[in-house]
file structure-v2.cif (mmCIF, C-alpha atoms)
data_run
#
loop_
_atom_site.group_PDB
_atom_site.id
_atom_site.type_symbol
_atom_site.label_atom_id
_atom_site.label_comp_id
_atom_site.auth_asym_id
_atom_site.auth_seq_id
_atom_site.Cartn_x
_atom_site.Cartn_y
_atom_site.Cartn_z
ATOM 1 C CA MET A 1 27.894 -28.462 -16.346
ATOM 2 C CA THR A 2 27.121 -27.627 -12.722
ATOM 3 C CA MET A 3 27.447 -23.922 -11.898
ATOM 4 C CA ILE A 4 28.355 -22.578 -8.453
ATOM 5 C CA ILE A 5 27.752 -18.884 -7.792
ATOM 6 C CA SER A 6 28.826 -17.162 -4.559
ATOM 7 C CA SER A 7 28.097 -13.889 -2.806
ATOM 8 C CA GLN A 8 28.787 -12.307 0.563
ATOM 9 C CA ARG A 9 26.547 -9.643 2.085
ATOM 10 C CA ASN A 10 26.853 -7.574 5.245
ATOM 11 C CA LEU A 11 24.203 -7.934 7.931
ATOM 12 C CA PRO A 12 22.856 -4.893 9.800
ATOM 13 C CA ASP A 13 23.128 -4.474 13.542
ATOM 14 C CA ARG A 14 20.687 -6.540 15.600
ATOM 15 C CA TYR A 15 19.771 -8.697 12.630
ATOM 16 C CA SER A 16 17.529 -11.546 13.811
ATOM 17 C CA VAL A 17 18.836 -14.708 12.204
ATOM 18 C CA ALA A 18 16.393 -16.728 14.298
ATOM 19 C CA ASN A 19 13.366 -14.897 12.899
ATOM 20 C CA MET A 20 14.529 -15.400 9.320
ATOM 21 C CA LEU A 21 15.227 -19.096 9.854
ATOM 22 C CA ALA A 22 11.895 -19.600 11.600
ATOM 23 C CA TYR A 23 10.116 -18.544 8.413
ATOM 24 C CA HIS A 24 12.155 -20.670 6.039
ATOM 25 C CA LEU A 25 12.147 -23.726 8.308
ATOM 26 C CA ARG A 26 8.404 -23.891 8.953
ATOM 27 C CA ASP A 27 8.204 -27.448 7.621
ATOM 28 C CA PRO A 28 9.286 -29.734 10.483
ATOM 29 C CA GLU A 29 10.029 -32.518 7.992
ATOM 30 C CA GLY A 30 12.516 -30.349 6.094
ATOM 31 C CA VAL A 31 11.519 -31.564 2.638
ATOM 32 C CA SER A 32 12.733 -28.506 0.724
ATOM 33 C CA GLU A 33 14.663 -26.587 3.390
ATOM 34 C CA ARG A 34 16.872 -27.543 6.288
ATOM 35 C CA GLY A 35 19.080 -25.591 8.624
ATOM 36 C CA THR A 36 20.969 -25.073 11.845
ATOM 37 C CA PRO A 37 21.037 -21.984 14.087
ATOM 38 C CA ASP A 38 23.362 -20.317 11.576
ATOM 39 C CA THR A 39 22.797 -22.022 8.202
ATOM 40 C CA LEU A 40 20.023 -22.508 5.683
ATOM 41 C CA ASP A 41 19.920 -24.952 2.766
ATOM 42 C CA LYS A 42 17.085 -24.330 0.314
ATOM 43 C CA ALA A 43 16.281 -26.307 -2.831
ATOM 44 C CA PHE A 44 14.291 -24.837 -5.701
ATOM 45 C CA VAL A 45 14.091 -24.882 -9.474
ATOM 46 C CA TYR A 46 15.370 -21.754 -11.182
ATOM 47 C CA GLN A 47 14.553 -21.301 -14.872
ATOM 48 C CA GLY A 48 14.328 -25.052 -15.300
ATOM 49 C CA ALA A 49 17.527 -25.839 -13.394
ATOM 50 C CA PRO A 50 17.333 -27.618 -10.021
ATOM 51 C CA SER A 51 19.384 -25.588 -7.587
ATOM 52 C CA LEU A 52 20.553 -25.564 -3.986
ATOM 53 C CA LEU A 53 21.105 -22.322 -2.103
ATOM 54 C CA ARG A 54 23.215 -22.424 1.050
ATOM 55 C CA LEU A 55 23.370 -19.470 3.431
ATOM 56 C CA GLU A 56 26.003 -19.351 6.183
ATOM 57 C CA LEU A 57 25.350 -16.595 8.690
ATOM 58 C CA SER A 58 27.691 -14.954 11.154
ATOM 59 C CA PRO A 59 26.857 -11.969 13.402
ATOM 60 C CA ASP A 60 28.050 -9.576 10.679
ATOM 61 C CA THR A 61 27.797 -11.306 7.293
ATOM 62 C CA VAL A 62 25.965 -13.894 5.239
ATOM 63 C CA THR A 63 27.861 -16.015 2.730
ATOM 64 C CA ALA A 64 25.735 -17.494 -0.039
ATOM 65 C CA SER A 65 26.635 -20.396 -2.314
ATOM 66 C CA TRP A 66 24.196 -21.250 -5.118
ATOM 67 C CA THR A 67 24.632 -24.531 -6.983
ATOM 68 C CA LEU A 68 22.679 -24.909 -10.236
ATOM 69 C CA ILE A 69 22.474 -28.433 -11.621
ATOM 70 C CA PRO A 70 22.150 -29.256 -15.339
ATOM 71 C CA PRO A 71 18.429 -29.880 -15.890
ATOM 72 C CA ALA A 72 18.884 -32.993 -18.035
ATOM 73 C CA SER A 73 20.667 -34.792 -15.203
ATOM 74 C CA ALA A 74 17.881 -34.209 -12.736
ATOM 75 C CA ILE A 75 14.554 -33.822 -14.535
ATOM 76 C CA LYS A 76 13.218 -35.854 -17.421
ATOM 77 C CA GLN A 77 11.804 -33.045 -19.497
ATOM 78 C CA GLU A 78 12.677 -30.949 -22.493
ATOM 79 C CA SER A 79 15.710 -28.752 -21.924
ATOM 80 C CA PRO A 80 14.612 -25.309 -20.653
ATOM 81 C CA PRO A 81 16.033 -22.086 -22.042
ATOM 82 C CA GLY A 82 19.671 -21.518 -21.125
ATOM 83 C CA LEU A 83 20.487 -19.906 -17.809
ATOM 84 C CA PRO A 84 21.845 -16.353 -17.731
ATOM 85 C CA PRO A 85 25.629 -15.982 -17.814
ATOM 86 C CA ALA A 86 27.564 -16.290 -14.566
ATOM 87 C CA ALA A 87 27.974 -12.525 -14.180
ATOM 88 C CA SER A 88 24.201 -12.046 -14.356
ATOM 89 C CA LEU A 89 23.630 -14.916 -11.934
ATOM 90 C CA GLU A 90 25.960 -13.237 -9.437
ATOM 91 C CA THR A 91 23.756 -10.134 -9.488
ATOM 92 C CA ILE A 92 20.611 -12.257 -9.290
ATOM 93 C CA LEU A 93 22.021 -14.109 -6.278
ATOM 94 C CA ALA A 94 23.032 -10.918 -4.461
ATOM 95 C CA ASN A 95 19.551 -9.442 -4.980
ATOM 96 C CA MET A 96 17.933 -12.739 -3.992
ATOM 97 C CA VAL A 97 19.823 -12.896 -0.697
ATOM 98 C CA ASP A 98 19.057 -9.240 0.075
ATOM 99 C CA ARG A 99 15.373 -9.881 -0.562
ATOM 100 C CA MET A 100 15.196 -13.195 1.320
ATOM 101 C CA LEU A 101 16.814 -11.651 4.392
ATOM 102 C CA GLY A 102 14.975 -8.336 4.143
ATOM 103 C CA LEU A 103 18.237 -6.396 3.996
ATOM 104 C CA GLN A 104 16.789 -3.580 1.866
ATOM 105 C CA GLN A 105 13.870 -2.888 4.196
ATOM 106 C CA ASP A 106 13.994 0.555 5.810
ATOM 107 C CA ILE A 107 12.973 -0.620 9.252
ATOM 108 C CA GLN A 108 14.905 2.136 11.011
ATOM 109 C CA ALA A 109 12.554 4.771 9.585
ATOM 110 C CA PHE A 110 9.564 2.670 10.614
ATOM 111 C CA GLU A 111 10.806 2.161 14.157
ATOM 112 C CA LYS A 112 11.663 5.847 14.555
ATOM 113 C CA SER A 113 8.253 6.929 13.273
ATOM 114 C CA HIS A 114 6.189 4.652 15.523
ATOM 115 C CA ALA A 115 8.314 3.945 18.593
ATOM 116 C CA THR A 116 6.027 6.114 20.740
ATOM 117 C CA HIS A 117 2.734 4.720 19.457
ATOM 118 C CA PRO A 118 0.704 3.712 22.527
ATOM 119 C CA GLU A 119 -0.103 0.148 21.395
ATOM 120 C CA LEU A 120 2.439 -0.636 18.680
ATOM 121 C CA GLY A 121 5.413 1.152 20.271
ATOM 122 C CA PRO A 122 6.038 -1.388 23.061
ATOM 123 C CA LEU A 123 5.761 -4.219 20.520
ATOM 124 C CA ILE A 124 8.342 -2.545 18.271
ATOM 125 C CA THR A 125 10.672 -2.135 21.239
ATOM 126 C CA ARG A 126 10.401 -5.809 22.148
ATOM 127 C CA GLN A 127 10.926 -6.877 18.527
ATOM 128 C CA GLN A 128 13.420 -4.213 17.514
ATOM 129 C CA GLY A 129 15.192 -4.994 14.264
ATOM 130 C CA LEU A 130 12.472 -7.295 12.928
ATOM 131 C CA ARG A 131 12.576 -7.704 9.159
ATOM 132 C CA VAL A 132 10.297 -9.699 6.872
ATOM 133 C CA ALA A 133 11.861 -12.808 5.358
ATOM 134 C CA ALA A 134 11.031 -13.486 1.717
ATOM 135 C CA THR A 135 11.017 -16.422 -0.674
ATOM 136 C CA ALA A 136 13.791 -17.165 -3.154
ATOM 137 C CA THR A 137 11.488 -16.346 -6.081
ATOM 138 C CA PRO A 138 8.236 -14.381 -6.365
ATOM 139 C CA PHE A 139 6.540 -17.424 -7.894
ATOM 140 C CA GLU A 140 7.182 -19.418 -4.717
ATOM 141 C CA ALA A 141 5.508 -16.667 -2.684
ATOM 142 C CA LEU A 142 2.476 -16.701 -4.983
ATOM 143 C CA ALA A 143 2.236 -20.489 -4.838
ATOM 144 C CA TRP A 144 2.393 -20.412 -1.036
ATOM 145 C CA ALA A 145 -0.229 -17.658 -0.876
ATOM 146 C CA ILE A 146 -2.641 -19.706 -2.987
ATOM 147 C CA ILE A 147 -2.007 -22.850 -0.946
ATOM 148 C CA GLY A 148 -2.483 -20.949 2.316
ATOM 149 C CA GLN A 149 -5.787 -19.279 1.481
ATOM 150 C CA GLN A 150 -8.191 -19.629 4.423
ATOM 151 C CA ILE A 151 -6.414 -22.528 6.123
ATOM 152 C CA SER A 152 -3.978 -22.788 9.009
ATOM 153 C CA VAL A 153 -0.221 -22.477 8.547
ATOM 154 C CA LYS A 154 0.179 -26.085 9.692
ATOM 155 C CA ALA A 155 -2.243 -27.361 7.058
ATOM 156 C CA ALA A 156 -0.655 -25.200 4.354
ATOM 157 C CA VAL A 157 2.835 -26.475 5.210
ATOM 158 C CA ALA A 158 1.646 -30.083 4.865
ATOM 159 C CA ILE A 159 0.013 -29.421 1.466
ATOM 160 C CA ARG A 160 3.077 -27.538 0.227
ATOM 161 C CA ARG A 161 5.278 -30.470 1.285
ATOM 162 C CA ARG A 162 3.185 -32.989 -0.642
ATOM 163 C CA LEU A 163 3.028 -30.703 -3.678
ATOM 164 C CA ILE A 164 6.817 -30.283 -3.776
ATOM 165 C CA GLN A 165 7.397 -34.031 -3.490
ATOM 166 C CA ALA A 166 4.833 -34.738 -6.207
ATOM 167 C CA THR A 167 6.078 -32.159 -8.727
ATOM 168 C CA GLY A 168 9.647 -31.119 -7.884
ATOM 169 C CA PRO A 169 13.002 -32.804 -8.489
ATOM 170 C CA ARG A 170 14.966 -34.532 -5.755
ATOM 171 C CA LEU A 171 18.471 -33.102 -5.532
ATOM 172 C CA PRO A 172 21.687 -34.835 -4.472
ATOM 173 C CA GLY A 173 21.671 -34.696 -0.689
ATOM 174 C CA GLY A 174 17.981 -35.501 -0.381
ATOM 175 C CA LEU A 175 16.173 -32.150 -0.539
ATOM 176 C CA TRP A 176 13.292 -31.709 -2.964
ATOM 177 C CA GLY A 177 13.344 -28.611 -5.137
ATOM 178 C CA HIS A 178 10.338 -26.296 -5.081
ATOM 179 C CA PRO A 179 9.026 -26.469 -8.676
ATOM 180 C CA ASP A 180 9.089 -23.429 -10.901
ATOM 181 C CA ALA A 181 6.138 -22.189 -12.937
ATOM 182 C CA CYS A 182 7.064 -24.169 -16.058
ATOM 183 C CA GLN A 183 7.041 -27.438 -14.105
ATOM 184 C CA LEU A 184 3.758 -26.778 -12.344
ATOM 185 C CA ALA A 185 2.081 -25.545 -15.530
ATOM 186 C CA THR A 186 2.372 -28.999 -17.099
ATOM 187 C CA GLN A 187 1.051 -30.979 -14.130
ATOM 188 C CA PRO A 188 -2.256 -32.856 -14.388
ATOM 189 C CA PRO A 189 -4.835 -31.283 -12.070
ATOM 190 C CA GLN A 190 -5.319 -34.584 -10.236
ATOM 191 C CA ARG A 191 -1.730 -34.456 -9.000
ATOM 192 C CA LEU A 192 -2.419 -31.155 -7.241
ATOM 193 C CA LEU A 193 -5.723 -32.438 -5.899
ATOM 194 C CA ASP A 194 -3.974 -35.516 -4.521
ATOM 195 C CA ALA A 195 -1.523 -33.222 -2.721
ATOM 196 C CA GLY A 196 -4.464 -31.673 -0.875
ATOM 197 C CA LEU A 197 -5.344 -28.577 -2.876
ATOM 198 C CA SER A 198 -9.026 -27.833 -3.420
ATOM 199 C CA GLN A 199 -10.523 -27.627 -6.884
ATOM 200 C CA ALA A 200 -10.471 -23.817 -6.748
ATOM 201 C CA LYS A 201 -6.857 -23.642 -5.568
ATOM 202 C CA THR A 202 -5.796 -26.181 -8.177
ATOM 203 C CA ARG A 203 -7.348 -24.067 -10.932
ATOM 204 C CA ALA A 204 -5.770 -20.884 -9.565
ATOM 205 C CA LEU A 205 -2.299 -22.382 -9.147
ATOM 206 C CA LEU A 206 -2.298 -23.955 -12.616
ATOM 207 C CA THR A 207 -3.581 -20.708 -14.129
ATOM 208 C CA VAL A 208 -0.869 -18.534 -12.595
ATOM 209 C CA SER A 209 1.771 -21.165 -13.397
ATOM 210 C CA GLN A 210 0.788 -21.080 -17.058
ATOM 211 C CA MET A 211 0.706 -17.273 -17.051
ATOM 212 C CA VAL A 212 4.163 -17.019 -15.492
ATOM 213 C CA ALA A 213 5.516 -19.694 -17.834
ATOM 214 C CA ASN A 214 4.358 -17.805 -20.938
ATOM 215 C CA ASP A 215 5.305 -14.422 -19.399
ATOM 216 C CA THR A 216 1.824 -12.932 -19.400
ATOM 217 C CA LEU A 217 2.368 -12.642 -15.650
ATOM 218 C CA PRO A 218 6.000 -11.396 -15.600
ATOM 219 C CA LEU A 219 6.884 -11.942 -11.952
ATOM 220 C CA ASP A 220 10.642 -12.166 -12.543
ATOM 221 C CA THR A 221 10.642 -9.148 -14.848
ATOM 222 C CA TRP A 222 9.037 -7.096 -12.089
ATOM 223 C CA LEU A 223 12.018 -7.936 -9.887
ATOM 224 C CA GLN A 224 14.250 -5.962 -12.245
ATOM 225 C CA SER A 225 12.192 -2.767 -12.034
ATOM 226 C CA ALA A 226 14.118 0.192 -10.629
ATOM 227 C CA GLN A 227 10.813 1.819 -9.649
ATOM 228 C CA PRO A 228 8.217 -0.829 -8.709
ATOM 229 C CA ASP A 229 4.682 -0.042 -9.847
ATOM 230 C CA TRP A 230 2.916 -1.687 -6.926
ATOM 231 C CA PRO A 231 -0.647 -0.538 -7.817
ATOM 232 C CA ALA A 232 -0.362 -1.806 -11.404
ATOM 233 C CA TRP A 233 1.156 -5.102 -10.297
ATOM 234 C CA ARG A 234 -1.607 -5.584 -7.727
ATOM 235 C CA ASP A 235 -4.255 -4.934 -10.358
ATOM 236 C CA THR A 236 -2.623 -7.448 -12.707
ATOM 237 C CA LEU A 237 -2.719 -10.146 -10.040
ATOM 238 C CA LEU A 238 -6.232 -9.261 -8.908
ATOM 239 C CA ASP A 239 -7.482 -9.813 -12.457
ATOM 240 C CA VAL A 240 -6.629 -13.520 -12.146
ATOM 241 C CA ARG A 241 -9.555 -15.674 -11.087
ATOM 242 C CA GLY A 242 -9.032 -17.131 -7.619
ATOM 243 C CA ILE A 243 -6.625 -14.377 -6.538
ATOM 244 C CA GLY A 244 -7.940 -11.977 -3.899
ATOM 245 C CA PRO A 245 -6.491 -9.039 -1.957
ATOM 246 C CA TRP A 246 -4.886 -11.149 0.803
ATOM 247 C CA THR A 247 -3.197 -13.438 -1.742
ATOM 248 C CA VAL A 248 -1.872 -10.443 -3.669
ATOM 249 C CA ASP A 249 -0.577 -8.501 -0.672
ATOM 250 C CA TYR A 250 0.991 -11.613 0.833
ATOM 251 C CA THR A 251 2.700 -12.369 -2.493
ATOM 252 C CA MET A 252 4.030 -8.824 -2.754
ATOM 253 C CA LEU A 253 5.345 -9.000 0.803
ATOM 254 C CA ARG A 254 6.995 -12.428 0.699
ATOM 255 C CA GLY A 255 7.987 -12.305 -2.964
ATOM 256 C CA TYR A 256 9.204 -8.721 -3.320
ATOM 257 C CA GLY A 257 9.547 -7.323 0.186
ATOM 258 C CA TRP A 258 6.778 -4.724 -0.320
ATOM 259 C CA LEU A 259 5.935 -3.461 3.152
ATOM 260 C CA ASP A 260 2.727 -1.532 2.469
ATOM 261 C CA GLY A 261 0.243 -4.268 1.613
ATOM 262 C CA SER A 262 -2.696 -4.604 3.970
ATOM 263 C CA LEU A 263 -3.019 -7.984 5.698
ATOM 264 C CA HIS A 264 -6.353 -7.145 7.303
ATOM 265 C CA GLY A 265 -7.869 -10.323 5.871
ATOM 266 C CA ASP A 266 -5.373 -12.504 7.722
ATOM 267 C CA VAL A 267 -7.001 -14.275 10.673
ATOM 268 C CA ALA A 268 -3.724 -14.496 12.593
ATOM 269 C CA VAL A 269 -3.117 -10.758 12.170
ATOM 270 C CA ARG A 270 -6.613 -9.982 13.465
ATOM 271 C CA ARG A 271 -6.178 -12.326 16.400
ATOM 272 C CA ALA A 272 -2.846 -10.741 17.337
ATOM 273 C CA LEU A 273 -4.306 -7.248 16.967
ATOM 274 C CA ALA A 274 -7.191 -8.110 19.276
ATOM 275 C CA HIS A 275 -4.687 -9.314 21.865
ATOM 276 C CA LEU A 276 -2.547 -6.188 21.427
ATOM 277 C CA LEU A 277 -5.549 -3.904 21.940
ATOM 278 C CA GLY A 278 -6.929 -5.936 24.827
ATOM 279 C CA CYS A 279 -10.176 -6.747 23.013
ATOM 280 C CA GLU A 280 -12.294 -9.508 24.512
ATOM 281 C CA THR A 281 -13.910 -10.308 21.157
ATOM 282 C CA PRO A 282 -12.245 -10.797 17.745
ATOM 283 C CA VAL A 283 -11.720 -7.652 15.668
ATOM 284 C CA THR A 284 -13.211 -7.505 12.187
ATOM 285 C CA ALA A 285 -11.368 -7.272 8.905
ATOM 286 C CA ALA A 286 -12.831 -3.793 8.368
ATOM 287 C CA PHE A 287 -11.577 -2.605 11.753
ATOM 288 C CA THR A 288 -8.156 -4.140 11.138
ATOM 289 C CA ARG A 289 -7.876 -2.492 7.748
ATOM 290 C CA GLN A 290 -8.721 0.905 9.213
ATOM 291 C CA TRP A 291 -6.245 0.400 12.080
ATOM 292 C CA LEU A 292 -3.431 -0.667 9.720
ATOM 293 C CA ASN A 293 -4.025 2.217 7.299
ATOM 294 C CA ARG A 294 -2.518 4.705 9.743
ATOM 295 C CA PHE A 295 0.863 2.996 9.340
ATOM 296 C CA THR A 296 1.311 3.532 5.581
ATOM 297 C CA PRO A 297 3.834 2.846 4.010
ATOM 298 C CA TRP A 298 4.569 0.029 6.452
ATOM 299 C CA LYS A 299 1.212 -1.722 6.870
ATOM 300 C CA ALA A 300 2.591 -5.176 6.013
ATOM 301 C CA LEU A 301 5.549 -4.678 8.350
ATOM 302 C CA VAL A 302 3.071 -3.980 11.140
ATOM 303 C CA GLY A 303 1.325 -7.209 10.154
ATOM 304 C CA ALA A 304 4.661 -9.039 10.441
ATOM 305 C CA HIS A 305 5.136 -7.604 13.933
ATOM 306 C CA LEU A 306 1.689 -8.917 14.839
ATOM 307 C CA TRP A 307 2.594 -12.350 13.447
ATOM 308 C CA ALA A 308 5.821 -12.325 15.441
ATOM 309 C CA SER A 309 4.010 -11.345 18.627
ATOM 310 C CA ASN A 310 2.151 -14.667 18.385
ATOM 311 C CA LYS A 311 5.280 -16.527 17.225
ATOM 312 C CA LEU A 312 3.630 -17.217 13.863
ATOM 313 C CA GLN A 313 5.447 -17.569 10.531
ATOM 314 C CA ALA A 314 2.688 -17.275 7.974
#
call {"tool": "encode", "arguments": {"input": "structure-v2.cif", "output": "C-alpha cells"}}
result
Amino acid sequence: MTMIISSQRNLPDRYSVANMLAYHLRDPEGVSERGTPDTLDKAFVYQGAPSLLRLELSPDTVTASWTLIPPASAIKQESPPGLPPAASLETILANMVDRMLGLQQDIQAFEKSHATHPELGPLITRQQGLRVAATATPFEALAWAIIGQQISVKAAVAIRRRLIQATGPRLPGGLWGHPDACQLATQPPQRLLDAGLSQAKTRALLTVSQMVANDTLPLDTWLQSAQPDWPAWRDTLLDVRGIGPWTVDYTMLRGYGWLDGSLHGDVAVRRALAHLLGCETPVTAAFTRQWLNRFTPWKALVGAHLWASNKLQA
C-alpha cells in the first residue's frame, strides 16, 4: 500500500531557495531530481521502498509530500524490513526537510562573528543567509563523496547518473531512485565499473554499502543522536579503506549538516580561497587548513561560501 507523508516547515528570512535548488539540480539531465524555481522532486530508496519527495517552496514555508511505494511493485528483490509507522515517518520527514534545507544551521551566529573579517566579511555580506544544502539520507552523501574523490563535479555528476540508472528503480513519472545501501551492497562490481567508477572507488562504495546494510556503519542511527559525537563518527569512517579526510568531512557536511569539517583538501575550495586572498599562485592544502582553522566551529560553512563565490555546487 502506497504511503503519503506530509510536512510543512517555516523558512527563515532571506532563505536562498536558488542556492538550495542549485545543489540538488546539479545533473542537467534530471535523472533522479527535477525542479522549477520553487519546487523540487527527488527520487530515492528509503529502507527498501522506492520513494518520491516533493518540496514546494514559498517565500515563508516549504511544504513536503513524501510518497513511499510498496517495494514489491517496483523492485524485483526480497521484501525489505517493514517501514516505520506513519507517525515515525512524519518525524523522519520533518527532520529530513530541515536537514536538506539547512534550517537548523546557526548561520546568524557565524555571520555576526565574522562579518568584519577583512577577507571573509565582504563575501559573507554578498552571500548573506547562505546555508548548506544536504542530501535526503547520509548514505547518499557518502556515496557522492566517494564518487567525487579527486575528479571534477561535472565528471562526478555523470558517473552518479549512470550508477543510479544501473542500480536504482525507475519510479512512476520517470525519475530514477537513488539506491540505498542494501541495493548497492548486492551489485556485482562490474556494474559499478561500467558506470565509470575506478577499481578503488568500486571497492570503497561496495564496502561502505555492505557495512551500512548490516549496521556496522550505523549512518541512520547517528541521525537520531541528540548529541552528535562528531570525532568518534569521523574516526569510524576513517577506519574504512578508501575513505580519507575529505570524503569524511564532505559526508558529515552534506549528510548531517555538520559545519566544522575542514575542506582544505578540496581543489575548488583552494582555488576560491586563492582568488579571495588575491594570490597569483594556487594555495596549498596545508595553508588552506591553517586558514580555515580560525573559523571553528564553522570551517565547512566557510568552505561552502568559497564554493558559492565560484558558483560551484560540489
call {"tool": "closest_residue", "arguments": {"input": "structure-v2.cif", "among": "A:Gly196, A:Asn10, A:Val240, A:Trp230", "to": "A:Val208", "atoms": "only C-alpha atoms"}}
result
A:Val240
call {"tool": "atom_distance", "arguments": {"input": "structure-v2.cif", "atom1": "atom CA of A:Asn293", "atom2": "atom CA of A:Ile146"}}
result
24.3 Å
call {"tool": "resolve_selection", "arguments": {"input": "structure-v2.cif", "expression": "the PyMOL selection byres ((chain A and resi 91-103) around 8)", "output": "short mmCIF file (atom, residue, chain, number, x, y, z; two decimals) with C-alpha atoms, in the coordinates of the input"}}
result
data_model
loop_
_atom_site.label_atom_id
_atom_site.label_comp_id
_atom_site.auth_asym_id
_atom_site.auth_seq_id
_atom_site.Cartn_x
_atom_site.Cartn_y
_atom_site.Cartn_z
CA ILE A 5 27.75 -18.88 -7.79
CA SER A 6 28.83 -17.16 -4.56
CA SER A 7 28.10 -13.89 -2.81
CA GLN A 8 28.79 -12.31 0.56
CA ARG A 9 26.55 -9.64 2.08
CA LEU A 11 24.20 -7.93 7.93
CA PRO A 12 22.86 -4.89 9.80
CA MET A 20 14.53 -15.40 9.32
CA ALA A 64 25.74 -17.49 -0.04
CA TRP A 66 24.20 -21.25 -5.12
CA ALA A 87 27.97 -12.52 -14.18
CA SER A 88 24.20 -12.05 -14.36
CA LEU A 89 23.63 -14.92 -11.93
CA GLU A 90 25.96 -13.24 -9.44
CA GLN A 104 16.79 -3.58 1.87
CA GLN A 105 13.87 -2.89 4.20
CA ARG A 131 12.58 -7.70 9.16
CA VAL A 132 10.30 -9.70 6.87
CA ALA A 133 11.86 -12.81 5.36
CA ALA A 134 11.03 -13.49 1.72
CA THR A 135 11.02 -16.42 -0.67
CA ALA A 136 13.79 -17.16 -3.15
CA THR A 137 11.49 -16.35 -6.08
CA TYR A 256 9.20 -8.72 -3.32
CA GLY A 257 9.55 -7.32 0.19
#
call {"tool": "closest_residue", "arguments": {"input": "structure-v2.cif", "among": "A:Pro85, A:Gly303, A:Gly242, A:Gly173", "to": "A:Asp266", "atoms": "all atoms listed in the file"}}
result
A:Gly303
call {"tool": "closest_residue", "arguments": {"input": "structure-v2.cif", "among": "A:Leu68, A:Leu83, A:Ala232, A:Leu276", "to": "A:Pro172", "atoms": "all atoms listed in the file"}}
result
A:Leu68
